[in-house]
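Pasting my_file_33.cif here (mmCIF, C-alpha atoms):
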```cif
data_upload
#
loop_
_atom_site.label_atom_id
_atom_site.label_comp_id
_atom_site.auth_asym_id
_atom_site.auth_seq_id
_atom_site.Cartn_x
_atom_site.Cartn_y
_atom_site.Cartn_z
CA MET A 1 59.12 13.68 -5.18
CA ALA A 2 61.55 11.53 -7.12
CA SER A 3 61.02 7.81 -7.59
CA LYS A 4 62.87 5.32 -5.45
CA ARG A 5 64.68 3.84 -8.40
CA PHE A 6 66.25 5.03 -11.60
CA ALA A 7 67.84 3.41 -14.64
CA LYS A 8 71.57 3.43 -15.25
CA ALA A 9 73.16 2.38 -18.55
CA ASP A 10 76.62 0.87 -18.76
CA ARG A 11 78.36 3.07 -21.34
CA ARG A 12 81.01 0.49 -22.13
CA ARG A 13 78.52 -2.20 -23.10
CA CYS A 14 75.80 -0.07 -24.74
CA VAL A 15 75.41 -0.72 -28.48
CA SER A 16 73.52 2.59 -28.93
CA CYS A 17 70.66 0.94 -30.80
CA GLY A 18 68.08 3.25 -29.27
CA ALA A 19 65.61 0.54 -28.21
CA CYS A 20 65.50 2.14 -24.74
CA GLU A 21 64.94 5.59 -26.17
CA ASN A 22 61.96 4.40 -28.18
CA GLU A 23 60.51 2.58 -25.21
CA CYS A 24 60.91 5.21 -22.49
CA PRO A 25 57.55 6.85 -21.68
CA ARG A 26 59.31 9.83 -20.09
CA GLU A 27 61.95 10.57 -22.71
CA ALA A 28 64.43 10.16 -19.91
CA ILE A 29 66.91 7.99 -21.76
CA LYS A 30 68.61 9.06 -24.97
CA VAL A 31 71.46 7.86 -27.09
CA TRP A 32 74.21 10.43 -26.72
CA ARG A 33 75.67 11.32 -30.12
CA GLY A 34 75.50 7.75 -31.35
CA CYS A 35 77.88 6.54 -28.65
CA TYR A 36 75.83 5.20 -25.73
CA ALA A 37 72.58 5.70 -23.84
CA VAL A 38 72.48 8.31 -21.11
CA VAL A 39 69.75 8.53 -18.50
CA ASP A 40 68.42 11.81 -17.25
CA GLU A 41 68.10 10.72 -13.65
CA ASN A 42 65.82 13.61 -12.82
CA ARG A 43 63.25 12.52 -15.39
CA CYS A 44 63.58 8.76 -14.89
CA VAL A 45 60.83 7.20 -12.80
CA GLY A 46 62.48 3.79 -12.61
CA CYS A 47 59.72 1.91 -14.48
CA GLY A 48 62.26 -0.51 -15.95
CA LYS A 49 60.84 -0.58 -19.48
CA CYS A 50 64.24 0.21 -20.96
CA VAL A 51 65.80 -2.62 -18.97
CA LYS A 52 63.33 -5.04 -20.56
CA VAL A 53 64.08 -4.08 -24.17
CA CYS A 54 67.84 -3.52 -24.04
CA PRO A 55 69.43 -6.19 -26.26
CA ALA A 56 72.82 -5.66 -24.67
CA GLY A 57 71.45 -6.04 -21.15
CA CYS A 58 73.44 -3.01 -20.14
CA ILE A 59 70.75 -1.09 -18.23
CA GLU A 60 69.94 -1.76 -14.61
CA LEU A 61 67.77 -0.13 -12.02
CA LYS A 62 69.50 1.44 -9.07
CA GLN A 63 68.18 2.71 -5.78
CA ARG A 64 68.33 6.44 -5.34
CA ASP A 65 70.51 7.53 -2.46
CA ALA A 66 68.65 8.74 0.58
CA GLY A 67 68.26 12.48 0.34
CA GLU A 68 68.42 12.47 -3.46
CA GLY A 69 64.65 12.40 -3.53
CA ALA A 70 64.59 16.01 -2.43
CA LYS A 71 65.62 17.10 -5.94
CA MET B 1 51.09 7.95 -25.20
CA LYS B 2 54.08 8.85 -27.30
CA LYS B 3 53.55 10.82 -30.46
CA LYS B 4 53.93 8.66 -33.56
CA HIS B 5 56.11 9.84 -36.40
CA TRP B 6 55.96 8.87 -40.04
CA TYR B 7 59.20 6.98 -39.60
CA ASP B 8 57.70 4.72 -36.96
CA TYR B 9 56.11 2.78 -39.81
CA LEU B 10 59.28 2.02 -41.71
CA TRP B 11 58.96 -1.66 -40.76
CA ILE B 12 56.52 -1.79 -43.69
CA TRP B 13 59.42 -0.80 -45.96
CA THR B 14 61.35 -3.90 -44.85
CA ILE B 15 58.48 -6.17 -45.84
CA VAL B 16 57.98 -4.31 -49.13
CA TYR B 17 61.71 -4.60 -49.88
CA PHE B 18 61.79 -8.37 -49.51
CA ALA B 19 58.50 -8.74 -51.38
CA LEU B 20 59.80 -6.69 -54.31
CA GLY B 21 62.98 -8.76 -54.47
CA PHE B 22 60.89 -11.90 -54.56
CA PHE B 23 59.29 -10.78 -57.82
CA ASN B 24 62.12 -8.82 -59.38
CA ILE B 25 65.61 -9.14 -57.99
CA LEU B 26 66.71 -5.80 -59.39
CA PHE B 27 64.80 -4.10 -56.59
CA ALA B 28 67.51 -5.46 -54.28
CA TRP B 29 69.55 -2.42 -55.25
CA LEU B 30 67.18 -0.31 -53.15
CA GLY B 31 68.75 -1.96 -50.11
CA LEU B 32 71.76 0.28 -50.64
CA ILE B 33 69.66 3.04 -49.06
CA ASP B 34 69.75 1.06 -45.80
CA PHE B 35 73.48 0.72 -46.21
CA LEU B 36 74.36 4.29 -47.05
CA LEU B 37 71.93 6.27 -44.88
CA PRO B 38 73.32 5.03 -41.53
CA LEU B 39 76.83 5.85 -42.71
CA ILE B 40 75.78 9.32 -43.90
CA PHE B 41 74.11 10.04 -40.55
CA ALA B 42 77.16 8.78 -38.65
CA ILE B 43 79.83 10.47 -40.76
CA PHE B 44 78.14 13.83 -41.27
CA GLY B 45 75.74 14.02 -38.34
CA GLY B 46 77.78 12.10 -35.75
CA ASN B 47 74.68 10.25 -34.63
CA LYS B 48 72.85 6.97 -34.98
CA PHE B 49 69.55 8.51 -35.97
CA PHE B 50 69.12 5.72 -38.50
CA CYS B 51 69.48 2.90 -35.94
CA ASN B 52 67.50 4.81 -33.37
CA HIS B 53 64.55 5.85 -35.52
CA LEU B 54 64.71 4.85 -39.18
CA CYS B 55 65.79 1.21 -39.21
CA GLY B 56 62.88 -0.75 -40.65
CA ARG B 57 64.43 -4.03 -39.66
CA SER B 58 64.65 -3.23 -35.96
CA GLN B 59 61.10 -1.91 -36.09
CA LEU B 60 59.93 -5.12 -37.74
CA LEU B 61 61.65 -7.16 -35.04
CA THR B 62 59.86 -5.07 -32.42
CA VAL B 63 56.51 -5.39 -34.19
CA LEU B 64 56.86 -9.17 -34.55
CA GLY B 65 58.61 -9.86 -31.27
CA LYS B 66 56.73 -7.55 -28.96
CA GLY B 67 53.57 -6.65 -30.84
CA CYS B 68 52.83 -10.14 -32.19
CA LYS B 69 54.39 -11.77 -29.14
CA LEU B 70 56.66 -13.97 -31.23
CA SER B 71 59.59 -13.34 -28.90
CA LEU B 72 60.09 -15.06 -25.59
CA CYS B 73 61.95 -11.91 -24.50
CA ARG B 74 64.54 -13.78 -22.48
CA PRO B 75 67.77 -11.92 -21.77
CA THR B 76 70.07 -11.94 -24.78
CA PRO B 77 73.33 -13.77 -24.00
CA LYS B 78 76.02 -11.28 -23.07
CA TRP B 79 78.53 -12.65 -25.58
CA MET B 80 76.19 -11.67 -28.40
CA SER B 81 76.78 -7.99 -27.72
CA SER B 82 80.35 -8.36 -26.51
CA LYS B 83 83.01 -6.39 -28.32
CA TRP B 84 84.88 -9.38 -29.76
CA PHE B 85 81.71 -10.88 -31.21
CA ARG B 86 80.41 -7.57 -32.55
CA TYR B 87 83.64 -6.59 -34.23
CA GLY B 88 84.34 -10.16 -35.31
CA PHE B 89 80.94 -10.31 -36.98
CA LEU B 90 81.53 -6.91 -38.54
CA VAL B 91 84.81 -8.08 -40.08
CA PHE B 92 83.18 -11.30 -41.29
CA PHE B 93 80.25 -9.39 -42.74
CA LEU B 94 82.44 -6.88 -44.52
CA THR B 95 84.58 -9.71 -45.91
CA MET B 96 81.48 -11.39 -47.30
CA PHE B 97 80.33 -8.06 -48.69
CA GLY B 98 83.72 -7.63 -50.35
CA SER B 99 83.50 -11.13 -51.79
CA MET B 100 80.07 -10.32 -53.20
CA VAL B 101 81.39 -7.13 -54.80
CA TYR B 102 84.29 -9.17 -56.23
CA GLN B 103 81.86 -11.67 -57.77
CA THR B 104 80.06 -8.71 -59.34
CA TYR B 105 83.39 -7.46 -60.67
CA LEU B 106 84.16 -10.86 -62.21
CA VAL B 107 80.82 -10.88 -64.00
CA PHE B 108 81.41 -7.27 -65.08
CA GLY B 109 84.80 -8.21 -66.53
CA GLY B 110 83.45 -11.30 -68.24
CA ALA B 111 85.48 -13.67 -66.05
CA GLY B 112 82.39 -14.98 -64.26
CA SER B 113 78.88 -15.82 -65.29
CA LEU B 114 75.64 -14.64 -63.78
CA LYS B 115 74.30 -17.02 -61.16
CA GLU B 116 70.58 -16.68 -60.57
CA VAL B 117 70.65 -17.92 -57.01
CA VAL B 118 70.16 -16.41 -53.59
CA LYS B 119 72.77 -17.73 -51.18
CA LEU B 120 71.44 -18.02 -47.65
CA PHE B 121 73.81 -18.01 -44.68
CA TRP B 122 76.67 -17.76 -47.16
CA THR B 123 76.27 -21.45 -47.99
CA VAL B 124 72.77 -22.61 -49.01
CA LYS B 125 72.04 -21.83 -52.66
CA VAL B 126 68.37 -21.22 -53.34
CA PRO B 127 67.32 -21.03 -57.00
CA TRP B 128 65.78 -17.60 -57.56
CA GLY B 129 65.60 -17.50 -61.35
CA TRP B 130 61.92 -16.55 -61.49
CA ALA B 131 62.76 -13.11 -60.17
CA TYR B 132 64.90 -12.19 -63.15
CA THR B 133 64.52 -12.26 -66.91
CA VAL B 134 67.93 -12.57 -68.52
CA HIS B 135 69.26 -9.45 -70.25
CA THR B 136 66.77 -7.11 -68.63
CA ALA B 137 69.86 -5.41 -67.26
CA PRO B 138 73.62 -5.89 -67.65
CA ASP B 139 74.69 -9.17 -66.04
CA TRP B 140 76.81 -7.49 -63.37
CA VAL B 141 73.84 -5.38 -62.27
CA ALA B 142 71.79 -8.55 -61.80
CA GLN B 143 74.70 -10.35 -60.12
CA PHE B 144 75.04 -7.58 -57.55
CA ALA B 145 71.27 -7.66 -56.97
CA PHE B 146 71.32 -11.42 -56.28
CA GLY B 147 74.34 -11.05 -54.00
CA PHE B 148 72.97 -8.08 -52.12
CA TYR B 149 69.55 -9.63 -51.69
CA SER B 150 71.26 -12.77 -50.29
CA LEU B 151 73.07 -10.63 -47.76
CA MET B 152 69.95 -8.71 -46.75
CA LEU B 153 67.82 -11.84 -46.48
CA THR B 154 70.47 -13.73 -44.53
CA SER B 155 70.89 -10.96 -41.99
CA ALA B 156 67.12 -10.55 -41.69
CA LEU B 157 66.77 -14.28 -41.03
CA ILE B 158 69.51 -14.20 -38.39
CA GLY B 159 67.66 -11.30 -36.78
CA LEU B 160 64.40 -13.24 -36.77
CA ILE B 161 66.07 -16.37 -35.41
CA VAL B 162 67.62 -14.58 -32.43
CA MET B 163 64.41 -12.60 -31.90
CA VAL B 164 62.44 -15.70 -30.93
CA PRO B 165 64.23 -16.95 -27.81
CA PHE B 166 65.80 -13.65 -26.81
CA LYS B 167 64.80 -10.00 -26.77
CA PRO B 168 63.16 -8.76 -29.99
CA ARG B 169 66.03 -6.47 -30.93
CA SER B 170 68.81 -8.94 -30.12
CA TRP B 171 70.06 -8.52 -33.69
CA CYS B 172 70.88 -4.89 -32.91
CA GLY B 173 73.42 -6.14 -30.38
CA PHE B 174 75.69 -7.35 -33.18
CA CYS B 175 74.29 -5.69 -36.31
CA PRO B 176 77.31 -4.82 -38.47
CA MET B 177 75.82 -1.48 -39.52
CA GLY B 178 75.16 -0.63 -35.89
CA SER B 179 78.69 -1.57 -34.84
CA MET B 180 80.21 0.36 -37.71
CA THR B 181 78.21 3.53 -37.15
CA GLN B 182 78.83 3.41 -33.39
CA LEU B 183 82.56 3.16 -34.07
CA ILE B 184 82.34 6.20 -36.34
CA CYS B 185 80.34 8.16 -33.74
CA LYS B 186 82.75 7.21 -30.95
CA PHE B 187 85.66 8.25 -33.13
CA LYS B 188 84.03 11.60 -33.78
CA GLN B 189 83.41 12.10 -30.06
CA ARG B 190 86.82 10.83 -28.95
CA GLY B 191 87.99 12.53 -25.82
CA LYS B 192 84.50 13.78 -25.03
CA ALA B 193 81.95 12.21 -22.74
CA ALA B 194 78.30 12.79 -22.08
CA PRO B 195 77.62 14.62 -18.84
CA GLU B 196 76.46 12.37 -16.02
CA ALA B 197 72.71 12.61 -15.47
CA SER B 198 72.41 14.39 -18.79
CA GLU B 199 70.09 17.35 -18.86
CA SER B 200 68.52 16.48 -22.18
CA ASP B 201 71.45 17.29 -24.42
CA GLU B 202 69.75 16.81 -27.77
CA PRO B 203 72.01 14.31 -29.52
CA ASN B 204 69.68 13.07 -32.18
CA ALA B 205 68.62 16.25 -33.82
CA ALA B 206 69.17 15.11 -37.37
#
```

Can you turn what I pasted into structure tokens?
Amino acid sequence: MASKRFAKADRRRCVSCGACENECPREAIKVWRGCYAVVDENRCVGCGKCVKVCPAGCIELKQRDAGEGAK
Amino acid sequence: MKKKHWYDYLWIWTIVYFALGFFNILFAWLGLIDFLLPLIFAIFGGNKFFCNHLCGRSQLLTVLGKGCKLSLCRPTPKWMSSKWFRYGFLVFFLTMFGSMVYQTYLVFGGAGSLKEVVKLFWTVKVPWGWAYTVHTAPDWVAQFAFGFYSLMLTSALIGLIVMVPFKPRSWCGFCPMGSMTQLICKFKQRGKAAPEASESDEPNAA
């Protein structure tokens, strides 16, 4: 069963430093080709560790839509 | 527990670099590795593998800020990673770099004399003569070393200063190398976008 929350990175504000990538215990967030961080929503458990380290403050936790948990 | 790689210890390199420059300024030239590698990764690999995994400075900020709890970890002000500040700082930084190269050129051409000082924050001159014995190397080589070490030390100090009240890696938000390599990567990927909810597209395979 998927977690209730997941991380979402704002691509426009991401500085692609990779702090989130190094912090994520699930390898769910990765910097995409040096441009911005992308979250694999299926792997993300919504722990919020990436949110805490992001120097650009561009990651936030979002609630999964009802029904999405069935994935 | 995540698997540790050899490059997770590169923060030691940052300390070694500044220590070496304290005793012999000519070691400052080694800092060019930190300048060129990110550009090579960005231009040829189209990634920020350097920022993401090899940057000793960001690792040191994490070690000190998070590991040693020297950072209050408050949210970094948004303007610090805003586009105008990032690119403004990049332009400023490159201008200062250019000015440093010009000083080196003047010494090379005989129009300037070697100044054995480290200039902090582009203003404060700190005598650094102990780290260099005159005529060990051509004057311009030493001049570049003093200038480059000034630049490296200044940016490291700015990083440490913003680390304390804000998140440990606040410096990364406006690091000129980071901004420059991201611009290169974005240019290379122009017109393309990462898939939503990416299924582990391996971007950082360097």

Could you pull the residues within 8 Å of range 42-58 of chain A, counting only C-alpha atoms, minus those fewer than 4 positions along the same chain, as a VMD selection string? (chain A and resid 2 to 7 9 to 11 13 to 15 19 to 21 23 to 24 26 to 29 71) or (chain B and resid 75 to 76 78 80 to 81 167 to 173 197)

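Selection by the PyMOL selection byres ((chain A) within 6 of (chain B)) on the present file picks out Cys17, Gly18, Trp32, Arg33, Gly34, Cys35, Val39, Asp40, Glu41, Pro55 and Ala56 of chain A.
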
Write to file, as a PDB file, keeping the file's coordinate frame, the residues of the selection just made, with C-alpha atoms.
```pdb
ATOM      1  CA  CYS A  17      70.660   0.940 -30.800  1.00  0.00           C
ATOM      2  CA  GLY A  18      68.080   3.250 -29.270  1.00  0.00           C
ATOM      3  CA  TRP A  32      74.210  10.430 -26.720  1.00  0.00           C
ATOM      4  CA  ARG A  33      75.670  11.320 -30.120  1.00  0.00           C
ATOM      5  CA  GLY A  34      75.500   7.750 -31.350  1.00  0.00           C
ATOM      6  CA  CYS A  35      77.880   6.540 -28.650  1.00  0.00           C
ATOM      7  CA  VAL A  39      69.750   8.530 -18.500  1.00  0.00           C
ATOM      8  CA  ASP A  40      68.420  11.810 -17.250  1.00  0.00           C
ATOM      9  CA  GLU A  41      68.100  10.720 -13.650  1.00  0.00           C
ATOM     10  CA  PRO A  55      69.430  -6.190 -26.260  1.00  0.00           C
ATOM     11  CA  ALA A  56      72.820  -5.660 -24.670  1.00  0.00           C
TER      12      ALA A  56
END
```

Written as a PyMOL selection string, which residues does the PyMOL selection byres ((chain B and resi 31) around 12) give for the file shown? chain B and resi 13-18+20-21+25-30+32-38+55-57+144-153

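Take CA of Ala131 in chain B and CA of Val118 in chain B: the distance between them is 10.4 Å.
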
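Ranking B:Ala19, B:Ile12, B:Met180, B:Leu64 by their shortest atom-to-atom distance to Leu160 in chain B, with all atoms listed in the file included, puts B:Leu64 first.
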
Can you sort out the box for range 37-55 of chain B, edges along x, y and z, all listed atoms in, 6 Å on every side, with centre and edge lengths in Å to one decimal, as lines of an AutoDock Vina configuration file?
```
center_x = 72.2
center_y = 7.6
center_z = -39.1
size_x = 27.3
size_y = 24.8
size_z = 23.5
```

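For the atom pair formed by CA of Val164 in chain B and CA of Leu61 in chain A, the distance is 25.1 Å, given to one decimal.
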
Considering all atoms listed in the file, return as a PyMOL selection string whatever protein or nucleic-acid residues lie within 9 Å of Gln143 in chain B, sequence-local ones (same chain, fewer than 6 positions apart) excluded. chain B and resi 100+103-104+107-108+113-116
